[in-house]
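Heads up, the thing below is written out as structure tokens.
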Amino acid sequence: MPDELRLLEVLLLFNHLVLFYLLYVNASYAFLYLLSMQGLRKFRRSTTHWSALEMMESDYTPPLSILVPSYNEAMTIVENVKALLSLEYGEYEIVVVNDGSRDDTLAVLVQAFQLEKVTPCYPEHLPTRRVRGVYLSPRFPNITVVDKENGGKADSLNAGINVSRYPLFTAIDADSIIERSSLLKVVRPFLEDPKTVAAGGIVRPVNGSRVDHGFIEAIRLSGSVLARFQTVEYLRAFLFGRLGWDRFNGLLIISGAFGVFRKQVVTEAGGYTADTIGEDMELIVRIHKLMRQQKRRYRVVFVPDPVCWTQVPEDLATLRNQRKRWHKGLMDTLLTHRDMLFNPRYGTVGLVAMPYFLFVELLGPVVEILGYAVVLLSFLFGVLSLEFALLFFGVAVGFGVFLSLGAVMLDEYNFRKYDRIVEYLTLGLFSVLENFGYRQLTTWWRLVAMATYRRRQNVWGEMKRTRFQGQEAAAAGRNESP
Amino acid sequence: MDIAWIRQGFIAIALLDGVLFLGLLLRKGIRGWLDRGRETLRAAYEAEIIQGLQTERVLHGNRRRSILERTLGRGVLRTLLLAYASFLTGESRQRLHAVLQRTGLEQDLKRQLRSLRLHVRKTAAYEAGAMGLAGLEGSLLPLLQSRDRELFYITAKSLVKLTGKKHLGFILYKAADGALLRKNQVLTLFESLEEEVEELLDKVLRMKEQPAIVAAALEIFGIRQLHSGMEWIMGYATHPNKEIRIAALKGASAMGDPGDTDYRNTLLSLWEDEAWEVRAFLARYLRQVRSKKSRYTLAKFLRDDHWQVRMNAAEALADQGEEGVRILWNLQASKEETVRNVAWGVLHRRIVTEDLLARTEDVNLVMKLMRRLRTLSEKEVTVHAG
């Protein structure tokens, strides 16, 4: 057989593979979308017979520990802790973990809250770097500060879990903002279903919104093009990705920026893993594994209403680092728990959710980039006509736009966070525009992340923060995957 | 693949996107317009409600209503009254009920309580309770026959809000029969009751034994400090179900009364319980039992395998006044590091957060504690104080 003919056959075969892959991906998305619509309807109905006020006033709402890992956050930490002190929740404590900051994070906390060092007295359920001291305040009995050697975010969270007193904990980034009533909303599933072991809320970009003393004053869509693309992405990822997976207990990730966990279960699962990049996803997968191995009934829940606002990158370099880190985190988790893949012992998680994350999320960039190359080659070799190639691309883009617009529509229908019609018009336009350049760029970064992946390479990229409008903000810090 | 087919697909999806996009904008535009209308109505109604509550003016009166008001008015009013209902009491609340009757909202709820749609019934049941519409008691009662746990709980909560303990016995009987309520839900039902519940709890504990209800009842005896419950607590303290033993100890802790010798001995017999949670709650109960035997047990608990038991025991000793503080201090001589650590950890924390030194009268003990504090290097304690 001549080489050219063989190449044509390969191209044809690959074209069919791409087609089937696209069908699988889009069918999965469509299925998730339907599940999300159903989930949102159920959620909206459930809010009509629930009172946040009653829950806040009840003695039987479980107390909660808020863990705030912080590294070089001297500029904003006091303001953030003060904002956390005015959250709407019955009984809660704030545990700030100073992860060996090189700035004055600890000193400003000690001064602002009149902290005094006490002899540490807590169980070391989870191993961590050496704790240098535990600080309490006679004036603010619900504030604890843990000062420890630098060990990264996961290590800080583990230290916070050890020191925390309450059965539930939430991990909040020092540079994220949660709405006042968010805690009540995200804890609600724990009250209604004792099988709930973890619950996460939606994370939205805060860029462009006005912030005052750690609280959102006015919600606005950012003027930055990159932030707008990410706003559409976040809506898509949370409103139909996670909500869809929640419907059959297949949620594999609860954002590190905002999630509530049952402490006992996390401790049993071994806490956060320090030598992985995507510690938030890895923990959830490990919880699934533990619960299914022990045949315990459990739920990992996504609640679409409680909102955590976070800054998203507005420059390409930071965005690239973030996306590479997320993709390496995904790869780390899937490799670490590869024994769960296609394993019926792990039910829907092993048979549906993990294969989806492998084929769609992890390998997606490979197929997409190869797809572009093969379509180009096929066109050059005359396997595909230009019209066919363009139409095919058009259908793929059209479906992507449909999903993004669908997510924006779900947001408008249920939450209406943005007041002005022009903001939804902008989101609609960016749902289309993201398919021309932005999507290919992020896909390329993810592919590069795969190519440069090394196991146990836990390096945080530099995350540049812009100032909140109306507030002094952190200049540097860390960010989390949606 | 046929190009015509894919062309049709492209056109279809492009049309779909276009419709969705236009639909989104249209929807946002209409919703914005409706929201502004709602806001205007809300402001007008709010003023009327506040005036009406003060002067008993009839809401709406005979004024002409716009199409917008006729369309949205009921919904706005309902939301507004629901919000107001949670804050109003006494005469104002009665006037609010009069408003609800006049505007036909009570009738709406009555109809919705009979709806075939489950979520409509749930919402109506919730709103009936939240608005305090006692007239809907009869319409709520049939909902207690539901096997849907959420509807049952919402209805039960509303009925308790509206009629106090009148139907609570029946609710608990039904719940026990079908295991319809969890312990926390039972506790929440009692939380909103201000009436005496001693007799009711007594009756509940004589019913068919359902762990969640028994556990809740034992805790409520304690929370309400009903001494007649001590017998029940004693009786259930050795129950084979761990949750019930824990509830008995929680009740005993909350009671604030160490009880007689029999009672104390029964509870103390749990010190060797195989469940650490039971031992931890026993340590908590022993805070209030100021006896040698209690302190001896607590000191023994400081060597327990489980940290929570050790911690609760140290806290309980610190709560026992100077005797307990002295024991914790003396345990600094223990050979076991865990014992020394937990004892000093609790003492140090109490010194910082509760000013333990100022509250201790024994000068010798205070001197010893202060000496120990001084031995902690100044650098270690204050290095980060800025």
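Residues in the structure tokens are named by chain (A, B, ... in the order shown) and by number from 1 within that chain; ligands are numbered from 1 in the order shown.
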
Run DSSP on the backbone and grab whatever in region 13-193 of chain B lands in alpha helix (DSSP H); send it over as number ranges by chain.
B: 13-55, 67-85, 90-102, 105-112, 118-130, 137-140, 149-163, 168-178, 183-191

Can you tell me which residues surround Leu88 (chain B) at a distance of at most 12 Å, considering only C-alpha atoms, apart from same-chain residues fewer than 5 positions away, and format the answer as a list in words?
Ile50, Leu53, Leu81, Leu82, Ala83, Arg93, Gln94, Arg95, Leu96, His97, Ala130, Met131 and Gly132 of chain B

At a cut-off of 9 Å, using only C-alpha atoms, what residues contact Lys161 (chain B)? Leave out same-chain residues fewer than 4 positions from it and give the result as an MDAnalysis selection string.
chainID B and resid 129:130 132 134 156:157 165 189 192:193

Would you mind exporting the chosen residues as a tab-separated table (two decimals), in the first residue's frame, restricted to N, CA, C and O atoms?
chain	number	residue	atom	x	y	z
B	129	GLY	N	-47.09	28.36	59.13
B	129	GLY	CA	-46.44	28.44	60.44
B	129	GLY	C	-45.72	29.76	60.61
B	129	GLY	O	-45.82	30.42	61.65
B	130	ALA	N	-44.99	30.16	59.57
B	130	ALA	CA	-44.19	31.39	59.67
B	130	ALA	C	-45.08	32.61	59.87
B	130	ALA	O	-44.71	33.54	60.58
B	132	GLY	N	-47.98	32.50	61.27
B	132	GLY	CA	-48.76	32.31	62.49
B	132	GLY	C	-50.26	32.21	62.24
B	132	GLY	O	-51.07	32.70	63.03
B	134	ALA	N	-53.15	30.49	62.73
B	134	ALA	CA	-53.73	29.39	63.52
B	134	ALA	C	-54.99	28.84	62.86
B	134	ALA	O	-55.36	27.68	63.09
B	156	ALA	N	-45.08	19.54	61.06
B	156	ALA	CA	-44.99	19.43	62.52
B	156	ALA	C	-44.48	20.74	63.12
B	156	ALA	O	-45.02	21.23	64.12
B	157	LYS	N	-43.50	21.32	62.48
B	157	LYS	CA	-42.92	22.57	62.99
B	157	LYS	C	-43.95	23.69	62.97
B	157	LYS	O	-44.08	24.46	63.94
B	165	LYS	N	-47.98	22.78	72.23
B	165	LYS	CA	-47.80	21.33	72.40
B	165	LYS	C	-49.07	20.51	72.10
B	165	LYS	O	-49.07	19.28	72.24
B	189	LEU	N	-38.23	20.95	67.37
B	189	LEU	CA	-39.66	21.12	67.63
B	189	LEU	C	-39.89	21.62	69.05
B	189	LEU	O	-40.70	22.51	69.29
B	192	SER	N	-38.96	25.56	70.02
B	192	SER	CA	-39.85	26.71	69.85
B	192	SER	C	-41.00	26.72	70.86
B	192	SER	O	-41.82	27.63	70.85
B	193	LEU	N	-41.04	25.73	71.74
B	193	LEU	CA	-42.14	25.65	72.71
B	193	LEU	C	-41.79	26.36	74.00
B	193	LEU	O	-40.70	26.15	74.54

Nearest-residue call for chain B, choices A:Gly278, A:Gly241, A:Pro194, A:Gly271, using only C-alpha atoms
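Selected residue with least distance to chain B: A:Pro194.
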
Return as a ChimeraX atom specification the full set of residues in region 76-211 of chain A whose backbone-based DSSP assignment is strand (DSSP E or B).
/A:92-99,116-118,131-136,143-148,168-172,177-178,196-205,210-211

Contact residues around Gln210 (chain B) with only C-alpha atoms at 7 Å, ignoring same-chain residues under 3 positions, as a PyMOL selection string
chain B and resi 176+213-214

Would you mind exporting N, CA and C atoms of the selected residues as a JSON list (two decimals), in the first residue's frame?
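out_24.json, written as the output of this step:
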[["chain", "number", "residue", "atom", "x", "y", "z"],
["B", 176, "ALA", "N", -42.55, 8.28, 65.74],
["B", 176, "ALA", "CA", -41.97, 7.04, 66.29],
["B", 176, "ALA", "C", -42.43, 5.84, 65.49],
["B", 213, "ILE", "N", -36.22, 9.60, 69.20],
["B", 213, "ILE", "CA", -37.15, 10.33, 70.07],
["B", 213, "ILE", "C", -36.76, 10.16, 71.54],
["B", 214, "VAL", "N", -36.36, 8.96, 71.91],
["B", 214, "VAL", "CA", -35.93, 8.74, 73.30],
["B", 214, "VAL", "C", -34.72, 9.64, 73.59]]

Residues of chain A within 8 Å of chain B, counting only C-alpha atoms, as JSON, numbers by chain
{"A": [45, 46, 48, 49, 50, 58, 60, 106, 107, 108, 110, 111, 115, 116, 117, 118, 119, 120, 121, 123, 136, 137, 138, 139, 141, 388, 391, 392, 394, 395, 398, 399, 401, 402, 405, 406, 409, 412, 419, 421, 424, 425, 428]}

Near Met255 (chain B), counting only C-alpha atoms, which residues have an atom at most 10 Å away, once you skip same-chain residues fewer than 3 positions from it, shown as a PyMOL selection string?
chain B and resi 219-227+229-230+249-252+258-259+285+288

Could you save the residues just selected, with C-alpha atoms, as an mmCIF file, in the first residue's frame?
data_model
loop_
_atom_site.group_PDB
_atom_site.id
_atom_site.type_symbol
_atom_site.label_atom_id
_atom_site.label_comp_id
_atom_site.auth_asym_id
_atom_site.auth_seq_id
_atom_site.Cartn_x
_atom_site.Cartn_y
_atom_site.Cartn_z
ATOM 1 C CA GLU B 219 -31.712 15.719 76.313
ATOM 2 C CA ILE B 220 -34.759 17.966 76.639
ATOM 3 C CA PHE B 221 -35.226 16.896 80.265
ATOM 4 C CA GLY B 222 -31.726 18.212 80.851
ATOM 5 C CA ILE B 223 -31.936 21.366 78.731
ATOM 6 C CA ARG B 224 -35.158 22.391 80.494
ATOM 7 C CA GLN B 225 -33.757 21.278 83.818
ATOM 8 C CA LEU B 226 -36.764 19.110 84.597
ATOM 9 C CA HIS B 227 -35.775 17.128 87.650
ATOM 10 C CA GLY B 229 -36.382 13.455 84.098
ATOM 11 C CA MET B 230 -33.556 12.266 86.311
ATOM 12 C CA LEU B 249 -25.282 11.889 79.834
ATOM 13 C CA LYS B 250 -25.954 15.032 77.778
ATOM 14 C CA GLY B 251 -29.245 15.421 79.624
ATOM 15 C CA ALA B 252 -27.495 14.896 82.932
ATOM 16 C CA PRO B 258 -25.430 16.231 90.239
ATOM 17 C CA GLY B 259 -28.331 14.182 91.648
ATOM 18 C CA TYR B 285 -21.226 15.528 83.322
ATOM 19 C CA GLN B 288 -20.832 19.548 88.213
#

Close residues, region 297-304 of chain B itself excluded, 6 Å, only C-alpha atoms, min 5 positions apart in chain, as a list in words:
Arg310, Ala313 and Val339 of chain B

Within 10 Å of Ala237 (chain A) using only C-alpha atoms, minus same-chain residues under 4 positions, as a PDB file with N, CA, C and O atoms, in the first residue's frame:
ATOM      1  N   ILE A 202     -20.699  27.852  45.328  1.00  0.00           N
ATOM      2  CA  ILE A 202     -20.239  28.351  44.026  1.00  0.00           C
ATOM      3  C   ILE A 202     -19.181  29.451  44.238  1.00  0.00           C
ATOM      4  O   ILE A 202     -19.295  30.252  45.157  1.00  0.00           O
ATOM      5  N   VAL A 203     -18.184  29.420  43.404  1.00  0.00           N
ATOM      6  CA  VAL A 203     -17.154  30.460  43.466  1.00  0.00           C
ATOM      7  C   VAL A 203     -17.319  31.343  42.239  1.00  0.00           C
ATOM      8  O   VAL A 203     -17.480  30.836  41.126  1.00  0.00           O
ATOM      9  N   THR A 231     -15.415  34.547  33.914  1.00  0.00           N
ATOM     10  CA  THR A 231     -16.743  34.576  34.542  1.00  0.00           C
ATOM     11  C   THR A 231     -17.655  33.567  33.846  1.00  0.00           C
ATOM     12  O   THR A 231     -18.381  32.799  34.511  1.00  0.00           O
ATOM     13  N   VAL A 232     -17.604  33.542  32.525  1.00  0.00           N
ATOM     14  CA  VAL A 232     -18.418  32.568  31.781  1.00  0.00           C
ATOM     15  C   VAL A 232     -17.966  31.142  32.132  1.00  0.00           C
ATOM     16  O   VAL A 232     -18.783  30.257  32.394  1.00  0.00           O
ATOM     17  N   GLU A 233     -16.668  30.958  32.201  1.00  0.00           N
ATOM     18  CA  GLU A 233     -16.119  29.633  32.523  1.00  0.00           C
ATOM     19  C   GLU A 233     -16.568  29.160  33.906  1.00  0.00           C
ATOM     20  O   GLU A 233     -16.955  28.015  34.087  1.00  0.00           O
ATOM     21  N   GLY A 241     -21.652  21.949  35.618  1.00  0.00           N
ATOM     22  CA  GLY A 241     -20.703  20.866  35.862  1.00  0.00           C
ATOM     23  C   GLY A 241     -20.975  20.241  37.221  1.00  0.00           C
ATOM     24  O   GLY A 241     -21.476  19.129  37.340  1.00  0.00           O
ATOM     25  N   ARG A 242     -20.721  21.023  38.246  1.00  0.00           N
ATOM     26  CA  ARG A 242     -20.791  20.451  39.602  1.00  0.00           C
ATOM     27  C   ARG A 242     -22.199  20.102  40.022  1.00  0.00           C
ATOM     28  O   ARG A 242     -22.420  19.108  40.698  1.00  0.00           O
ATOM     29  N   LEU A 243     -23.130  20.947  39.633  1.00  0.00           N
ATOM     30  CA  LEU A 243     -24.512  20.653  40.013  1.00  0.00           C
ATOM     31  C   LEU A 243     -24.968  19.348  39.373  1.00  0.00           C
ATOM     32  O   LEU A 243     -25.695  18.560  39.983  1.00  0.00           O
ATOM     33  N   GLY A 244     -24.522  19.114  38.155  1.00  0.00           N
ATOM     34  CA  GLY A 244     -24.871  17.870  37.465  1.00  0.00           C
ATOM     35  C   GLY A 244     -24.291  16.660  38.177  1.00  0.00           C
ATOM     36  O   GLY A 244     -25.004  15.691  38.454  1.00  0.00           O
ATOM     37  N   SER A 404     -22.467  27.400  27.259  1.00  0.00           N
ATOM     38  CA  SER A 404     -22.121  28.605  28.026  1.00  0.00           C
ATOM     39  C   SER A 404     -23.347  29.499  28.217  1.00  0.00           C
ATOM     40  O   SER A 404     -23.618  29.970  29.322  1.00  0.00           O
ATOM     41  N   ALA A 407     -25.561  28.112  30.784  1.00  0.00           N
ATOM     42  CA  ALA A 407     -25.117  28.375  32.159  1.00  0.00           C
ATOM     43  C   ALA A 407     -25.466  29.799  32.568  1.00  0.00           C
ATOM     44  O   ALA A 407     -25.925  30.050  33.686  1.00  0.00           O
ATOM     45  N   PRO A 482     -11.657  26.449  40.203  1.00  0.00           N
ATOM     46  CA  PRO A 482     -13.093  26.552  40.468  1.00  0.00           C
ATOM     47  C   PRO A 482     -13.674  25.174  40.734  1.00  0.00           C
ATOM     48  O   PRO A 482     -13.089  24.191  40.404  1.00  0.00           O
TER      49      PRO A 482
END

Just the number, please: distance in Å from CA of Ile254 (chain A) to CA of Leu35 (chain A), one decimal.
18.1 Å

How many Å lie between CA of Arg111 (chain B) and CA of Ala128 (chain B), rounded to one decimal?
11.7 Å
